[in-house]
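Okay, so here's the structure we're looking at.
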Amino acid sequence: MDDDGTTLILTRPADRSEDFLSLCEARMGRRLPSIISPVIEITPHGDLPNLDLYQTVILTSASAVSRLGDEKYLSGRKVVTVGERTAQLARELGAHANCLGEDIESFLASDVPIETPALHCRGVHARGNLAERLSKRGVETDEAVIYDQVQKPLNAAARAVLAGKGRVILPLFSPRSAKLVSQSRAASADTIIIAMSRAVADEWQGGGDVRIAQEPTSAAMVDRVIEAF
């Protein structure tokens with residue numbers, strides 16, 4: 001491989017890993033040695049809620065947007081999000097979407113009013129207790145669990161590279177993925193971990209050189225990956 005054996009290992013769901021790889025390659029101006037090995041599979045969970053009962057839908061991930069993916073389901077809805085990318089995906093499905101912050105804390109710090117009642121559509125595994133914290137502030141918020149994040153092991157190619165003598169760049173986008181990869185990683189490779197936030201870095205228990213993105217965005221993660229190469 002190029003770059004003295006440097007390999008980029010991507011562990012998000014396949015479509016998001018491919019999108020991120022494309023961003024990195026566009027910045028580098030060439031193909032990058034890479035392995036895509038999702039450690040989480042997004043699957044539907046439960047029935048979809050009746051959004052007509054709510055003034056605002058709160059979405060904190062692209063997976064939530066995908067689960068609500070029928071254009072008619074989100075079309076015309078007032079949506080507030082964590083992450084501009086999530087807002088953009090919701091807009092593509094016809095929602096009137098506004099990003100209030102790039103993480104839960106900045107979302108909660110926003111002074112943009114949220115029309116109530118509101119509904120937070122989330123996954124089985126979620127952090128931040130968003131609905132509860134909003135409700136305690138007088139923003140009436142329910143929650144609906146609409147997808148699951150099912151654990152998957154690293155594939156054989158990823159395990160082989162991590163157990164080798166080369167160099168690995170490993171971007172991690174969520175605390176849960178950091179924990180799962182830590183648990184399944186038997187590594188001797190020289191590994192640079194690119195954590196999207198301090199919360200992600202705190203869940204990493206696998207050693208190596210841990211670097212944190214300047215802000216919790218894909219663009220900042222790309223910056224760190226490019227620096228690492």
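Labels for the structure tokens follow display order: chains A, B, ..., residues from 1 in each chain, ligands from 1.
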
Compile a residue-level contact table for stretch 98-180 of chain A against stretch 84-94 of chain A at a cut-off of 9 Å, reporting for every qualifying residue the shortest atom pair and its distance in Å to one decimal, with only C-alpha atoms counted, rows ordered by chain and ascending number, as a tab-separated table.
residue	atom	partner	partner_atom	distance
A:Asn98	CA	A:Ala87	CA	5.9
A:Cys99	CA	A:Glu84	CA	5.3
A:Leu100	CA	A:Glu84	CA	8.3
A:Gly101	CA	A:Glu84	CA	7.7
A:Glu102	CA	A:Glu84	CA	6.9

* **Pick from A:His120, A:Lys165, A:Arg67, A:Arg211 nearest to A:Asp47, counting only C-alpha atoms** =>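 So, comparing all the options, the nearest one is A:Arg67.
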
* **Shell around A:Gly208 at 12 Å using only C-alpha atoms, local window under 2 positions removed, as a PyMOL selection string** => chain A and resi 162+167-170+182+185-195+201+204-206+210-211

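Note that atom CA of A:Arg30 and atom CA of A:Arg12 are 21.5 Å apart.
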
* Asked: What residues in stretch 68-174 of chain A get the DSSP label alpha helix (DSSP H)? Please answer as number ranges by chain.
  -> A: 71-74, 84-92, 104-109, 130-136, 156-162

What would the file look like if the residues just selected were written as a CSV table (one decimal), in the first residue's frame with N, CA and C atoms?
chain,number,residue,atom,x,y,z
A,71,GLU,N,-40.8,10.6,1.9
A,71,GLU,CA,-40.8,12.1,1.7
A,71,GLU,C,-42.1,12.7,2.3
A,72,LYS,N,-43.2,12.0,2.2
A,72,LYS,CA,-44.5,12.5,2.7
A,72,LYS,C,-44.5,12.5,4.2
A,73,TYR,N,-43.7,11.7,4.8
A,73,TYR,CA,-43.7,11.7,6.3
A,73,TYR,C,-43.0,12.9,6.9
A,74,LEU,N,-42.0,13.4,6.3
A,74,LEU,CA,-41.3,14.6,6.8
A,74,LEU,C,-41.7,15.9,6.1
A,84,GLU,N,-25.6,20.0,11.2
A,84,GLU,CA,-26.1,20.6,9.9
A,84,GLU,C,-26.3,19.5,8.9
A,85,ARG,N,-25.5,18.4,8.9
A,85,ARG,CA,-25.7,17.4,7.9
A,85,ARG,C,-27.1,16.7,8.1
A,86,THR,N,-27.5,16.5,9.3
A,86,THR,CA,-28.8,15.9,9.6
A,86,THR,C,-29.9,16.9,9.2
A,87,ALA,N,-29.7,18.2,9.4
A,87,ALA,CA,-30.7,19.1,8.9
A,87,ALA,C,-30.8,19.1,7.4
A,88,GLN,N,-29.7,19.0,6.7
A,88,GLN,CA,-29.7,19.0,5.2
A,88,GLN,C,-30.4,17.8,4.7
A,89,LEU,N,-30.2,16.6,5.3
A,89,LEU,CA,-30.9,15.4,4.9
A,89,LEU,C,-32.4,15.6,5.1
A,90,ALA,N,-32.8,16.2,6.2
A,90,ALA,CA,-34.2,16.4,6.5
A,90,ALA,C,-34.8,17.3,5.4
A,91,ARG,N,-34.1,18.4,5.1
A,91,ARG,CA,-34.6,19.3,4.1
A,91,ARG,C,-34.8,18.6,2.7
A,92,GLU,N,-33.9,17.7,2.4
A,92,GLU,CA,-34.0,17.0,1.1
A,92,GLU,C,-35.3,16.1,1.1
A,104,ILE,N,-25.1,17.8,21.4
A,104,ILE,CA,-26.2,17.9,22.3
A,104,ILE,C,-26.1,19.2,23.2
A,105,GLU,N,-24.9,19.5,23.7
A,105,GLU,CA,-24.7,20.6,24.6
A,105,GLU,C,-24.9,21.9,23.9
A,106,SER,N,-24.4,22.0,22.6
A,106,SER,CA,-24.6,23.3,21.9
A,106,SER,C,-26.1,23.4,21.5
A,107,PHE,N,-26.7,22.3,21.2
A,107,PHE,CA,-28.2,22.3,20.9
A,107,PHE,C,-29.0,22.9,22.1
A,108,LEU,N,-28.6,22.4,23.3
A,108,LEU,CA,-29.3,22.8,24.5
A,108,LEU,C,-29.0,24.3,24.8
A,109,ALA,N,-27.9,24.8,24.4
A,109,ALA,CA,-27.5,26.1,24.7
A,109,ALA,C,-28.1,27.1,23.7
A,130,LEU,N,-31.8,14.0,26.1
A,130,LEU,CA,-32.3,15.3,25.5
A,130,LEU,C,-33.7,15.6,25.8
A,131,ALA,N,-34.6,14.6,25.6
A,131,ALA,CA,-36.0,14.9,25.9
A,131,ALA,C,-36.3,15.3,27.3
A,132,GLU,N,-35.6,14.6,28.2
A,132,GLU,CA,-35.8,14.8,29.7
A,132,GLU,C,-35.3,16.2,30.0
A,133,ARG,N,-34.1,16.6,29.5
A,133,ARG,CA,-33.5,17.9,29.8
A,133,ARG,C,-34.3,19.0,29.3
A,134,LEU,N,-34.9,18.8,28.0
A,134,LEU,CA,-35.7,19.9,27.5
A,134,LEU,C,-37.0,20.0,28.3
A,135,SER,N,-37.6,18.9,28.7
A,135,SER,CA,-38.8,19.0,29.4
A,135,SER,C,-38.6,19.7,30.8
A,136,LYS,N,-37.5,19.5,31.4
A,136,LYS,CA,-37.2,20.1,32.7
A,136,LYS,C,-37.0,21.6,32.5
A,156,ALA,N,-12.6,-9.4,8.8
A,156,ALA,CA,-11.3,-10.0,8.8
A,156,ALA,C,-10.2,-9.1,8.3
A,157,ALA,N,-10.5,-8.3,7.2
A,157,ALA,CA,-9.5,-7.4,6.7
A,157,ALA,C,-9.1,-6.3,7.7
A,158,ALA,N,-10.1,-5.7,8.4
A,158,ALA,CA,-9.7,-4.7,9.4
A,158,ALA,C,-8.9,-5.3,10.5
A,159,ARG,N,-9.3,-6.5,11.0
A,159,ARG,CA,-8.6,-7.2,12.1
A,159,ARG,C,-7.1,-7.5,11.7
A,160,ALA,N,-7.0,-7.9,10.4
A,160,ALA,CA,-5.6,-8.3,10.0
A,160,ALA,C,-4.7,-7.0,9.9
A,161,VAL,N,-5.2,-5.9,9.4
A,161,VAL,CA,-4.4,-4.7,9.4
A,161,VAL,C,-4.1,-4.2,10.8
A,162,LEU,N,-5.1,-4.2,11.7
A,162,LEU,CA,-4.8,-3.8,13.0
A,162,LEU,C,-3.8,-4.7,13.8

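Atom pair atom CA of A:Ser17 / atom CA of A:Gly69 has a distance of 19.4 Å (rounded to one decimal).
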